[in-house]
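J.: For reference, the file start.pdb (PDB, C-alpha atoms and all ligand atoms) is included below:
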ATOM      1  CA  MET A   5     227.745 -67.736  28.699
ATOM      2  CA  LYS A   6     224.821 -69.412  30.406
ATOM      3  CA  ARG A   7     222.166 -67.653  32.471
ATOM      4  CA  HIS A   8     223.442 -69.275  35.661
ATOM      5  CA  LEU A   9     226.879 -69.644  37.224
ATOM      6  CA  VAL A  10     226.955 -73.050  38.862
ATOM      7  CA  SER A  11     230.327 -74.420  37.811
ATOM      8  CA  THR A  12     233.487 -73.012  36.259
ATOM      9  CA  ALA A  13     233.363 -76.009  33.908
ATOM     10  CA  ASP A  14     230.476 -74.216  32.152
ATOM     11  CA  LEU A  15     232.664 -71.209  31.300
ATOM     12  CA  THR A  16     234.442 -71.009  27.967
ATOM     13  CA  ARG A  17     237.763 -69.191  27.742
ATOM     14  CA  ASP A  18     235.930 -66.207  26.229
ATOM     15  CA  ASP A  19     233.324 -66.185  29.028
ATOM     16  CA  ALA A  20     236.062 -66.263  31.668
ATOM     17  CA  LEU A  21     238.043 -63.480  30.007
ATOM     18  CA  LEU A  22     234.889 -61.379  29.621
ATOM     19  CA  ILE A  23     234.202 -61.699  33.358
ATOM     20  CA  LEU A  24     237.825 -60.924  34.298
ATOM     21  CA  ASP A  25     238.054 -57.938  31.947
ATOM     22  CA  THR A  26     234.702 -56.575  33.126
ATOM     23  CA  ALA A  27     235.851 -57.005  36.738
ATOM     24  CA  GLU A  28     239.008 -55.077  35.917
ATOM     25  CA  GLU A  29     236.893 -52.196  34.610
ATOM     26  CA  LEU A  30     234.586 -52.289  37.608
ATOM     27  CA  ALA A  31     237.559 -52.385  40.000
ATOM     28  CA  GLN A  32     238.289 -48.772  39.089
ATOM     29  CA  LEU A  33     235.121 -47.880  40.940
ATOM     30  CA  SER A  34     236.541 -48.860  44.314
ATOM     31  CA  GLY A  35     239.067 -46.030  44.105
ATOM     32  CA  ARG A  36     236.303 -43.410  43.781
ATOM     33  CA  ALA A  37     234.604 -41.520  46.590
ATOM     34  CA  VAL A  38     231.157 -42.629  45.339
ATOM     35  CA  LYS A  39     231.425 -46.345  44.637
ATOM     36  CA  LYS A  40     227.956 -46.938  43.218
ATOM     37  CA  LEU A  41     226.632 -47.603  39.710
ATOM     38  CA  PRO A  42     222.898 -47.514  38.867
ATOM     39  CA  THR A  43     223.181 -50.661  36.699
ATOM     40  CA  LEU A  44     220.937 -53.028  38.672
ATOM     41  CA  ARG A  45     218.490 -50.450  39.973
ATOM     42  CA  GLY A  46     215.094 -52.051  40.463
ATOM     43  CA  ARG A  47     216.521 -55.601  40.348
ATOM     44  CA  THR A  48     216.177 -57.871  43.354
ATOM     45  CA  VAL A  49     219.015 -60.166  44.383
ATOM     46  CA  VAL A  50     218.505 -62.693  47.158
ATOM     47  CA  ASN A  51     221.462 -64.032  49.118
ATOM     48  CA  LEU A  52     220.370 -67.494  50.210
ATOM     49  CA  PHE A  53     222.929 -68.798  52.697
ATOM     50  CA  PHE A  54     222.393 -72.223  54.243
ATOM     51  CA  GLU A  55     226.005 -72.448  55.424
ATOM     52  CA  ASP A  56     228.258 -70.102  57.399
ATOM     53  CA  SER A  57     230.215 -67.522  55.471
ATOM     54  CA  THR A  58     232.063 -64.321  56.274
ATOM     55  CA  ARG A  59     233.906 -63.215  53.161
ATOM     56  CA  THR A  60     231.688 -64.568  50.404
ATOM     57  CA  LYS A  61     228.394 -63.326  51.819
ATOM     58  CA  THR A  62     229.682 -59.846  52.623
ATOM     59  CA  SER A  63     231.450 -59.635  49.296
ATOM     60  CA  PHE A  64     228.299 -60.505  47.324
ATOM     61  CA  GLU A  65     226.316 -58.012  49.369
ATOM     62  CA  VAL A  66     228.825 -55.217  48.741
ATOM     63  CA  ALA A  67     228.904 -56.084  45.016
ATOM     64  CA  GLU A  68     225.098 -56.058  44.774
ATOM     65  CA  LYS A  69     224.830 -52.752  46.608
ATOM     66  CA  ARG A  70     227.518 -51.119  44.476
ATOM     67  CA  LEU A  71     225.396 -51.999  41.450
ATOM     68  CA  SER A  72     222.295 -50.524  43.204
ATOM     69  CA  ALA A  73     220.351 -53.803  43.361
ATOM     70  CA  ASP A  74     217.698 -54.372  46.035
ATOM     71  CA  VAL A  75     219.348 -56.905  48.338
ATOM     72  CA  ILE A  76     217.533 -59.472  50.454
ATOM     73  CA  ASN A  77     219.571 -61.568  52.872
ATOM     74  CA  PHE A  78     218.016 -64.913  53.663
ATOM     75  CA  SER A  79     219.866 -67.226  55.994
ATOM     76  CA  ALA A  80     218.636 -70.675  56.932
ATOM     77  CA  LYS A  81     218.913 -69.867  60.616
ATOM     78  CA  GLY A  82     215.924 -67.782  61.605
ATOM     79  CA  SER A  83     213.904 -68.743  58.490
ATOM     80  CA  SER A  84     211.291 -71.435  57.866
ATOM     81  CA  VAL A  85     214.100 -73.729  56.691
ATOM     82  CA  SER A  86     214.833 -74.430  60.343
ATOM     83  CA  LYS A  87     211.164 -75.487  60.596
ATOM     84  CA  GLY A  88     211.724 -78.087  57.858
ATOM     85  CA  GLU A  89     210.863 -76.152  54.691
ATOM     86  CA  SER A  90     212.312 -77.704  51.536
ATOM     87  CA  LEU A  91     214.614 -76.038  49.009
ATOM     88  CA  LYS A  92     211.754 -76.147  46.497
ATOM     89  CA  ASP A  93     209.317 -74.293  48.742
ATOM     90  CA  THR A  94     211.964 -71.764  49.700
ATOM     91  CA  ALA A  95     212.699 -71.176  46.002
ATOM     92  CA  LEU A  96     208.995 -70.823  45.122
ATOM     93  CA  THR A  97     208.634 -68.260  47.893
ATOM     94  CA  LEU A  98     211.573 -66.255  46.572
ATOM     95  CA  GLN A  99     210.158 -66.446  43.049
ATOM     96  CA  ALA A 100     206.820 -65.165  44.291
ATOM     97  CA  MET A 101     208.675 -62.207  45.796
ATOM     98  CA  GLY A 102     210.224 -61.419  42.414
ATOM     99  CA  ALA A 103     213.871 -62.455  42.830
ATOM    100  CA  ASP A 104     215.873 -61.642  39.697
ATOM    101  CA  ALA A 105     218.907 -63.560  40.939
ATOM    102  CA  VAL A 106     219.590 -65.938  43.774
ATOM    103  CA  VAL A 107     223.078 -66.299  45.207
ATOM    104  CA  ILE A 108     223.095 -69.618  47.011
ATOM    105  CA  ARG A 109     225.495 -71.283  49.440
ATOM    106  CA  HIS A 110     224.418 -74.763  50.512
ATOM    107  CA  HIS A 111     225.972 -77.649  52.426
ATOM    108  CA  ALA A 112     224.676 -80.115  49.815
ATOM    109  CA  SER A 113     226.748 -80.477  46.646
ATOM    110  CA  GLY A 114     224.394 -79.978  43.711
ATOM    111  CA  ALA A 115     221.819 -77.695  45.392
ATOM    112  CA  PRO A 116     222.541 -74.710  43.065
ATOM    113  CA  ALA A 117     222.409 -77.006  40.000
ATOM    114  CA  ARG A 118     219.028 -78.313  41.186
ATOM    115  CA  LEU A 119     217.715 -74.746  41.450
ATOM    116  CA  ALA A 120     219.160 -73.786  38.068
ATOM    117  CA  GLN A 121     217.546 -76.794  36.335
ATOM    118  CA  SER A 122     214.184 -76.320  38.006
ATOM    119  CA  ASP A 123     211.335 -74.081  36.964
ATOM    120  CA  TRP A 124     210.928 -72.940  40.564
ATOM    121  CA  LEU A 125     212.924 -69.787  39.900
ATOM    122  CA  HIS A 126     213.046 -67.695  36.743
ATOM    123  CA  GLY A 127     216.070 -65.604  37.648
ATOM    124  CA  SER A 128     219.776 -66.415  37.543
ATOM    125  CA  VAL A 129     221.320 -68.802  40.035
ATOM    126  CA  ILE A 130     224.827 -68.037  41.254
ATOM    127  CA  ASN A 131     226.662 -70.711  43.197
ATOM    128  CA  ALA A 132     228.414 -69.227  46.248
ATOM    129  CA  GLY A 133     229.760 -72.626  47.343
ATOM    130  CA  ASP A 134     227.936 -75.981  47.433
ATOM    131  CA  GLY A 135     229.229 -78.708  49.722
ATOM    132  CA  THR A 136     232.493 -80.081  48.397
ATOM    133  CA  HIS A 137     231.495 -79.387  44.793
ATOM    134  CA  GLU A 138     232.238 -75.874  43.492
ATOM    135  CA  HIS A 139     232.791 -72.248  44.355
ATOM    136  CA  PRO A 140     233.043 -70.539  40.953
ATOM    137  CA  THR A 141     233.319 -66.896  42.025
ATOM    138  CA  GLN A 142     236.225 -67.811  44.325
ATOM    139  CA  ALA A 143     238.086 -69.344  41.368
ATOM    140  CA  LEU A 144     237.324 -66.254  39.278
ATOM    141  CA  LEU A 145     238.690 -63.899  41.935
ATOM    142  CA  ASP A 146     241.742 -66.128  42.277
ATOM    143  CA  ALA A 147     242.355 -65.980  38.519
ATOM    144  CA  PHE A 148     241.821 -62.205  38.627
ATOM    145  CA  THR A 149     244.454 -61.910  41.372
ATOM    146  CA  MET A 150     246.896 -64.127  39.442
ATOM    147  CA  ARG A 151     246.428 -62.111  36.273
ATOM    148  CA  ARG A 152     247.295 -58.914  38.115
ATOM    149  CA  HIS A 153     250.461 -60.351  39.632
ATOM    150  CA  LEU A 154     251.704 -62.603  36.863
ATOM    151  CA  ASN A 155     251.902 -60.127  34.075
ATOM    152  CA  ALA A 156     248.782 -61.109  32.228
ATOM    153  CA  GLY A 157     246.803 -57.980  31.450
ATOM    154  CA  LEU A 158     243.385 -57.287  29.919
ATOM    155  CA  GLY A 159     242.276 -59.849  27.355
ATOM    156  CA  LYS A 160     245.059 -62.233  28.340
ATOM    157  CA  ASP A 161     244.767 -65.679  29.888
ATOM    158  CA  LEU A 162     247.187 -67.497  32.211
ATOM    159  CA  ALA A 163     248.852 -69.642  29.535
ATOM    160  CA  GLY A 164     251.890 -71.471  30.858
ATOM    161  CA  ARG A 165     251.614 -70.153  34.441
ATOM    162  CA  ARG A 166     252.228 -72.825  37.061
ATOM    163  CA  VAL A 167     249.764 -72.930  39.929
ATOM    164  CA  THR A 168     250.305 -75.188  42.951
ATOM    165  CA  ILE A 169     247.313 -75.919  45.197
ATOM    166  CA  VAL A 170     248.190 -77.409  48.576
ATOM    167  CA  GLY A 171     246.123 -79.107  51.272
ATOM    168  CA  ASP A 172     242.660 -80.536  51.727
ATOM    169  CA  VAL A 173     241.743 -81.000  48.068
ATOM    170  CA  LEU A 174     239.273 -83.757  48.981
ATOM    171  CA  HIS A 175     236.835 -81.406  50.708
ATOM    172  CA  SER A 176     237.654 -78.274  48.725
ATOM    173  CA  ARG A 177     235.130 -76.726  46.355
ATOM    174  CA  VAL A 178     237.729 -73.997  45.794
ATOM    175  CA  ALA A 179     240.176 -76.573  44.388
ATOM    176  CA  ARG A 180     237.540 -78.055  42.060
ATOM    177  CA  SER A 181     236.441 -74.704  40.668
ATOM    178  CA  ASN A 182     240.050 -73.623  40.283
ATOM    179  CA  VAL A 183     241.222 -76.676  38.382
ATOM    180  CA  HIS A 184     238.517 -76.208  35.710
ATOM    181  CA  LEU A 185     238.980 -72.464  35.348
ATOM    182  CA  LEU A 186     242.782 -72.455  35.443
ATOM    183  CA  THR A 187     242.913 -75.197  32.810
ATOM    184  CA  THR A 188     240.487 -73.237  30.604
ATOM    185  CA  LEU A 189     242.800 -70.235  31.003
ATOM    186  CA  GLY A 190     245.857 -72.264  29.992
ATOM    187  CA  ALA A 191     247.582 -72.570  33.393
ATOM    188  CA  ARG A 192     249.193 -75.783  34.659
ATOM    189  CA  VAL A 193     247.886 -77.009  37.998
ATOM    190  CA  THR A 194     249.730 -79.210  40.497
ATOM    191  CA  PHE A 195     248.008 -80.490  43.633
ATOM    192  CA  VAL A 196     250.094 -81.262  46.705
ATOM    193  CA  ALA A 197     248.338 -83.129  49.512
ATOM    194  CA  PRO A 198     248.542 -86.240  51.627
ATOM    195  CA  PRO A 199     247.059 -89.170  49.645
ATOM    196  CA  THR A 200     244.157 -89.335  52.129
ATOM    197  CA  LEU A 201     243.130 -85.781  51.236
ATOM    198  CA  LEU A 202     242.973 -86.323  47.476
ATOM    199  CA  PRO A 203     239.636 -87.376  45.942
ATOM    200  CA  ILE A 204     239.133 -90.706  44.204
ATOM    201  CA  GLY A 205     239.395 -90.222  40.452
ATOM    202  CA  ILE A 206     241.784 -87.269  40.662
ATOM    203  CA  GLN A 207     243.891 -89.072  38.040
ATOM    204  CA  ASN A 208     241.262 -87.964  35.525
ATOM    205  CA  TRP A 209     241.489 -84.292  36.493
ATOM    206  CA  PRO A 210     243.610 -82.032  34.287
ATOM    207  CA  CYS A 211     246.410 -81.679  36.856
ATOM    208  CA  GLU A 212     249.615 -83.137  38.205
ATOM    209  CA  ILE A 213     249.918 -84.586  41.690
ATOM    210  CA  SER A 214     252.851 -84.410  44.087
ATOM    211  CA  TYR A 215     253.374 -85.434  47.697
ATOM    212  CA  ASP A 216     256.514 -83.359  48.084
ATOM    213  CA  LEU A 217     255.863 -79.640  48.543
ATOM    214  CA  ASP A 218     259.541 -78.669  48.644
ATOM    215  CA  SER A 219     260.244 -80.065  45.200
ATOM    216  CA  VAL A 220     257.335 -78.170  43.603
ATOM    217  CA  LEU A 221     257.953 -74.724  45.150
ATOM    218  CA  PRO A 222     260.779 -73.560  42.839
ATOM    219  CA  LYS A 223     258.549 -74.297  39.812
ATOM    220  CA  THR A 224     255.542 -72.340  41.110
ATOM    221  CA  ASP A 225     254.190 -68.958  39.994
ATOM    222  CA  ALA A 226     251.163 -68.931  42.313
ATOM    223  CA  LEU A 227     250.854 -71.061  45.422
ATOM    224  CA  MET A 228     247.386 -71.579  46.874
ATOM    225  CA  MET A 229     247.081 -72.900  50.407
ATOM    226  CA  LEU A 230     243.822 -74.618  51.426
ATOM    227  CA  ARG A 231     242.343 -74.940  54.880
ATOM    228  CA  VAL A 232     241.913 -78.406  56.382
ATOM    229  CA  GLN A 233     238.094 -78.592  56.508
ATOM    230  CA  ARG A 234     237.551 -80.365  59.793
ATOM    231  CA  GLU A 235     233.817 -79.674  59.719
ATOM    232  CA  ARG A 236     233.526 -81.995  56.702
ATOM    233  CA  MET A 237     235.670 -84.799  58.156
ATOM    234  CA  ASN A 238     234.276 -87.856  59.854
ATOM    235  CA  ALA A 239     237.576 -89.694  60.290
ATOM    236  CA  ALA A 240     241.287 -89.086  60.915
ATOM    237  CA  PHE A 241     242.892 -88.129  57.615
ATOM    238  CA  PHE A 242     246.424 -87.532  58.970
ATOM    239  CA  PRO A 243     248.264 -88.544  62.154
ATOM    240  CA  THR A 244     248.698 -85.169  63.900
ATOM    241  CA  GLU A 245     248.390 -81.467  63.110
ATOM    242  CA  ARG A 246     252.097 -81.114  63.771
ATOM    243  CA  GLU A 247     252.955 -83.688  61.153
ATOM    244  CA  TYR A 248     250.526 -82.124  58.663
ATOM    245  CA  SER A 249     252.096 -78.678  59.122
ATOM    246  CA  ARG A 250     255.604 -80.075  58.841
ATOM    247  CA  ARG A 251     254.902 -81.739  55.496
ATOM    248  CA  TYR A 252     252.217 -79.575  53.919
ATOM    249  CA  GLY A 253     252.311 -76.270  55.800
ATOM    250  CA  MET A 254     253.741 -73.055  54.352
ATOM    251  CA  ASN A 255     256.444 -71.371  56.422
ATOM    252  CA  GLY A 256     259.196 -68.794  55.996
ATOM    253  CA  LEU A 257     261.816 -71.348  54.933
ATOM    254  CA  ARG A 258     259.555 -72.701  52.222
ATOM    255  CA  MET A 259     258.600 -69.207  51.089
ATOM    256  CA  ALA A 260     262.293 -68.602  50.357
ATOM    257  CA  GLN A 261     262.228 -71.510  47.884
ATOM    258  CA  LEU A 262     259.592 -69.838  45.712
ATOM    259  CA  PRO A 263     260.702 -67.817  42.686
ATOM    260  CA  GLU A 264     260.921 -64.099  43.489
ATOM    261  CA  HIS A 265     257.786 -63.173  41.534
ATOM    262  CA  ALA A 266     255.613 -65.935  43.024
ATOM    263  CA  ILE A 267     252.605 -65.119  45.209
ATOM    264  CA  VAL A 268     251.079 -67.016  48.131
ATOM    265  CA  MET A 269     247.275 -67.180  48.026
ATOM    266  CA  HIS A 270     244.590 -68.390  50.412
ATOM    267  CA  PRO A 271     240.799 -68.283  49.993
ATOM    268  CA  GLY A 272     240.323 -67.746  53.748
ATOM    269  CA  PRO A 273     239.557 -68.472  56.470
ATOM    270  CA  MET A 274     243.207 -69.190  57.311
ATOM    271  CA  VAL A 275     244.177 -71.371  60.234
ATOM    272  CA  ARG A 276     247.457 -69.792  61.263
ATOM    273  CA  GLY A 277     249.931 -72.346  62.525
ATOM    274  CA  MET A 278     248.264 -75.164  60.571
ATOM    275  CA  GLU A 279     248.492 -74.698  56.777
ATOM    276  CA  ILE A 280     250.273 -71.335  56.964
ATOM    277  CA  THR A 281     252.498 -69.607  59.527
ATOM    278  CA  ALA A 282     251.891 -66.013  60.613
ATOM    279  CA  GLU A 283     255.202 -65.072  58.965
ATOM    280  CA  VAL A 284     253.869 -66.103  55.540
ATOM    281  CA  ALA A 285     250.305 -64.891  56.119
ATOM    282  CA  ASP A 286     251.540 -61.405  57.047
ATOM    283  CA  SER A 287     254.230 -61.168  54.377
ATOM    284  CA  PRO A 288     253.800 -58.825  51.395
ATOM    285  CA  ARG A 289     253.794 -61.881  49.093
ATOM    286  CA  CYS A 290     250.574 -63.165  50.600
ATOM    287  CA  THR A 291     247.551 -61.912  48.654
ATOM    288  CA  VAL A 292     244.794 -63.029  51.018
ATOM    289  CA  VAL A 293     243.428 -59.537  51.750
ATOM    290  CA  GLU A 294     243.799 -58.448  48.153
ATOM    291  CA  GLN A 295     241.804 -61.528  47.093
ATOM    292  CA  VAL A 296     238.921 -60.324  49.273
ATOM    293  CA  ALA A 297     238.969 -56.892  47.614
ATOM    294  CA  ASN A 298     239.149 -58.483  44.167
ATOM    295  CA  GLY A 299     236.184 -60.667  45.096
ATOM    296  CA  VAL A 300     233.917 -57.627  45.114
ATOM    297  CA  SER A 301     234.927 -56.582  41.576
ATOM    298  CA  VAL A 302     234.591 -60.123  40.228
ATOM    299  CA  ARG A 303     231.153 -60.617  41.798
ATOM    300  CA  MET A 304     230.018 -57.260  40.435
ATOM    301  CA  ALA A 305     231.113 -58.415  36.981
ATOM    302  CA  VAL A 306     229.250 -61.724  37.309
ATOM    303  CA  LEU A 307     226.041 -60.018  38.465
ATOM    304  CA  TYR A 308     226.355 -57.367  35.786
ATOM    305  CA  LEU A 309     226.839 -59.908  32.999
ATOM    306  CA  LEU A 310     224.208 -62.400  34.184
ATOM    307  CA  LEU A 311     221.562 -59.817  34.959
ATOM    308  CA  GLY A 312     221.974 -57.964  31.723
ATOM    309  CA  GLY A 313     223.798 -54.871  32.865
ATOM    310  CA  ALA A 314     222.681 -51.379  31.992
ATOM    311  CA  THR A 315     221.033 -52.260  28.700
ATOM    312  CA  LEU A 316     218.358 -54.349  30.325
ATOM    313  CA  ALA A 317     217.937 -52.331  33.502
ATOM    314  CA  ASP A 318     214.274 -51.684  32.778
ATOM    315  CA  ALA A 319     213.424 -55.011  31.166
ATOM    316  CA  PRO A 320     211.495 -57.823  32.874
ATOM    317  CA  ALA A 321     213.452 -60.383  34.912
ATOM    318  CA  ALA A 322     214.091 -63.244  32.505
ATOM    319  CA  ALA A 323     214.229 -61.193  29.315
ATOM    320  CA  PRO A 324     216.762 -62.358  26.723
ATOM    321  CA  ARG A 325     219.925 -60.301  26.507
ATOM    322  CA  THR A 326     220.397 -57.833  23.708
ATOM    323  CA  ASP A 327     223.772 -56.280  24.436
ATOM    324  CA  SER A 328     227.347 -57.398  23.848
ATOM    325  CA  VAL A 329     227.010 -60.607  25.845
ATOM    326  CA  GLU A 330     223.714 -61.623  24.265
ATOM    327  CA  ASN A 331     224.543 -65.311  24.169
ATOM    328  CA  VAL A 332     223.410 -65.559  27.779
ATOM    329  CA  GLN A 333     220.219 -67.634  27.689
TER     330      GLN A 333
HETATM  331  C1  LIG B 401     236.163 -71.341  51.306
HETATM  332  C2  LIG B 401     234.812 -71.999  51.271
HETATM  333  O1  LIG B 401     233.908 -71.657  52.017
HETATM  334  O2  LIG B 401     234.673 -72.858  50.422
HETATM  335  N1  LIG B 401     236.187 -70.050  51.787
HETATM  336  C3  LIG B 401     235.703 -68.995  51.059
HETATM  337  O3  LIG B 401     234.649 -69.022  50.477
HETATM  338  N2  LIG B 401     236.462 -67.883  51.001
HETATM  339  C4  LIG B 401     237.227 -72.220  51.830
HETATM  340  C5  LIG B 401     237.165 -72.707  53.244
HETATM  341  O4  LIG B 401     236.142 -72.680  53.908
HETATM  342  O5  LIG B 401     238.224 -73.164  53.707
END
Can the structure in the file be given as C-alpha cells, please?

T.:
Amino acid sequence: MKRHLVSTADLTRDDALLILDTAEELAQLSGRAVKKLPTLRGRTVVNLFFEDSTRTKTSFEVAEKRLSADVINFSAKGSSVSKGESLKDTALTLQAMGADAVVIRHHASGAPARLAQSDWLHGSVINAGDGTHEHPTQALLDAFTMRRHLNAGLGKDLAGRRVTIVGDVLHSRVARSNVHLLTTLGARVTFVAPPTLLPIGIQNWPCEISYDLDSVLPKTDALMMLRVQRERMNAAFFPTEREYSRRYGMNGLRMAQLPEHAIVMHPGPMVRGMEITAEVADSPRCTVVEQVANGVSVRMAVLYLLLGGATLADAPAAAPRTDSVENVQ
C-alpha cells in the first residue's frame, strides 16, 4: 500500500482487504462506552475542505478523534484561500505546522494527486473527494457495507456479486472510485444512466452499461443510487425531473423487483423524490444510515494503516513503517 490514498485504482486486492478487515476490527469499538484508542496520540491530522461536506468531514473528524489524533479543521471559507492563496502555499503552511496527514476535499479533480506528488507536504494525503475524479474512502465504506450484507466475511472479497450503480455517473467521483475497487474485489458492476450522464470513454471501464433499470434489478445484489449533481452541470442533461425519476428513480414498485437479499445504497445526500422515493429511503433495505456509521470505521482503518498505527506512535512523521503493513512507503 502506498503512503497516500488518492485513488482506489492504487489499491491491490490485499490492500483493500487489509483496510476492510482492519475496519471490521475497529468497528467493535463503536459498541463500547469509551470509543477511543490512543493509537494516533501526538499525531496531527488536518482536514482541508475546499468544498461543502456534511458526512465525509464529520466522519473523518470522528475517526481521527477516536484514534486520539490532534485534529485541525481548515476550510477554504474563512481562511487565506478566500484571499487568493494557492494550494501550494496552503500546503507549505500546513507542513510548517507539522501536519502528519492531510485529508483533502477539493473542487478540482487532481488536487490531492498534486499534493501527494509534491514535496510541499511530508505527511500522508487522503483524498476525501476531488471534483468529478475520486472519493476512495466512500468506495471503501460501500464495499464494507456490501461485505456485511452479502455474506462475505473477514478476509473475503466480493467475487461474483452484482452491483448496479444508477444515475449521474458523469459527475460522480463515487462511481469512479467504486468501479475500480469493486472490480479489484471481484464484483461485477453495471451502470444504469441516461446516455447524457455517462462519461466519454466509459466503454473502456470494467463495467456493463444499461439504459433499462427494470431489466437489471432482478440480477442485482447491491443497488447504488447516485444523486444528480446539479452544481456540476452547465447544461440540460435530461428533459424534466419527472421524466428522470420515472426512468431512473428508485421506488417501491422497483424495490419489489430486487432479489430478497439485495440492498439499496446511497452515498448521501439523497434528494428524495428525485433519484429515490421516501418509501425506499426509509425502508429497512436501504443502508444509507448504516453506510455513514461504517464510514467512521473505514476512515479509522485508513488513518491507522497510513499513519503507522500503534507501532509508530512515537516515531517522526514520515518514518518508514516497521509493522505488519510495512510496504507503505
Ligand atoms: C458524495 C460526494 O460528495 O461526492 N457524497 C458523499 O461524500 N457522501 C456524493 C454527492 O455529493 O452526491

J.: Would you mind telling me which residue in A:Phe241, A:Trp124, A:Leu15, A:Thr187 lies nearest to A:Asp161 when using all atoms listed in the file?

T.: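 Selected residue with least distance to A:Asp161: A:Thr187.
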
J.: Go through A:Glu264, A:Asp18, A:Glu247, A:Glu212 and flag the residue nearest A:Asp225, using all atoms listed in the file for the distances.

T.: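 Between A:Glu264, A:Asp18, A:Glu247, A:Glu212, the residue approaching A:Asp225 most closely is A:Glu264.
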
J.: Run the PyMOL selection byres (((not hetatm)) within 10 of (chain B and resi 401)) against the file shown and list the residues it catches, as a PyMOL selection string.

T.: chain A and resi 55-61+63+109+111+132-143+172+175-179+229-235+270-275+292+295-296+299

J.: Would you mind listing what lies within 7 Å of stretch 79-89 of chain A as a list of chain:residue names, with all atoms listed in the file counted and same-chain residues fewer than 5 positions away left out?

T.: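 In the requested format, the answer is A:Leu52, A:Phe53, A:Phe54, A:Thr94.
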
J.: Place a sphere of radius 10 Å on (256.2, -83.5, 53.2) in the file coordinates and name every protein, DNA or RNA residue with an atom inside or on its surface, counting only C-alpha atoms; give the answer as a list in words.

T.: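 Protein and nucleic acid residues near the point are Val196, Ala197, Pro198, Ser214, Tyr215, Asp216, Leu217, Asp218, Ser219, Glu247, Tyr248, Ser249, Arg250, Arg251, Tyr252 and Gly253 of chain A.
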
J.: How would stretch 133-145 of chain A look with N, CA, C and O atoms restored, written as a CSV table (one decimal), in the frame of the given file?

T.:
chain,number,residue,atom,x,y,z
A,133,GLY,N,229.1,-71.5,46.6
A,133,GLY,CA,229.8,-72.6,47.3
A,133,GLY,C,228.8,-73.7,47.7
A,133,GLY,O,227.8,-73.4,48.5
A,134,ASP,N,228.9,-74.9,47.1
A,134,ASP,CA,227.9,-76.0,47.4
A,134,ASP,C,228.7,-77.2,47.9
A,134,ASP,O,229.4,-77.8,47.1
A,135,GLY,N,228.6,-77.5,49.1
A,135,GLY,CA,229.2,-78.7,49.7
A,135,GLY,C,230.7,-78.8,49.3
A,135,GLY,O,231.4,-77.8,49.5
A,136,THR,N,231.1,-79.9,48.8
A,136,THR,CA,232.5,-80.1,48.4
A,136,THR,C,232.6,-80.0,46.9
A,136,THR,O,233.5,-80.4,46.3
A,137,HIS,N,231.6,-79.4,46.3
A,137,HIS,CA,231.5,-79.4,44.8
A,137,HIS,C,232.2,-78.2,44.2
A,137,HIS,O,233.3,-78.4,43.7
A,138,GLU,N,231.6,-77.0,44.2
A,138,GLU,CA,232.2,-75.9,43.5
A,138,GLU,C,232.0,-74.5,44.2
A,138,GLU,O,231.1,-74.4,45.0
A,139,HIS,N,232.9,-73.6,43.8
A,139,HIS,CA,232.8,-72.2,44.4
A,139,HIS,C,233.3,-71.3,43.2
A,139,HIS,O,234.4,-70.8,43.3
A,140,PRO,N,232.5,-71.2,42.2
A,140,PRO,CA,233.0,-70.5,41.0
A,140,PRO,C,233.5,-69.1,41.1
A,140,PRO,O,234.5,-68.7,40.5
A,141,THR,N,232.8,-68.3,41.9
A,141,THR,CA,233.3,-66.9,42.0
A,141,THR,C,234.6,-66.8,42.8
A,141,THR,O,235.4,-65.9,42.6
A,142,GLN,N,234.9,-67.8,43.7
A,142,GLN,CA,236.2,-67.8,44.3
A,142,GLN,C,237.3,-68.1,43.3
A,142,GLN,O,238.4,-67.4,43.3
A,143,ALA,N,237.1,-69.0,42.4
A,143,ALA,CA,238.1,-69.3,41.4
A,143,ALA,C,238.3,-68.1,40.5
A,143,ALA,O,239.4,-67.8,40.0
A,144,LEU,N,237.2,-67.4,40.1
A,144,LEU,CA,237.3,-66.3,39.3
A,144,LEU,C,238.1,-65.2,40.0
A,144,LEU,O,239.0,-64.5,39.3
A,145,LEU,N,237.9,-64.9,41.2
A,145,LEU,CA,238.7,-63.9,41.9
A,145,LEU,C,240.1,-64.3,42.1
A,145,LEU,O,241.1,-63.5,42.1
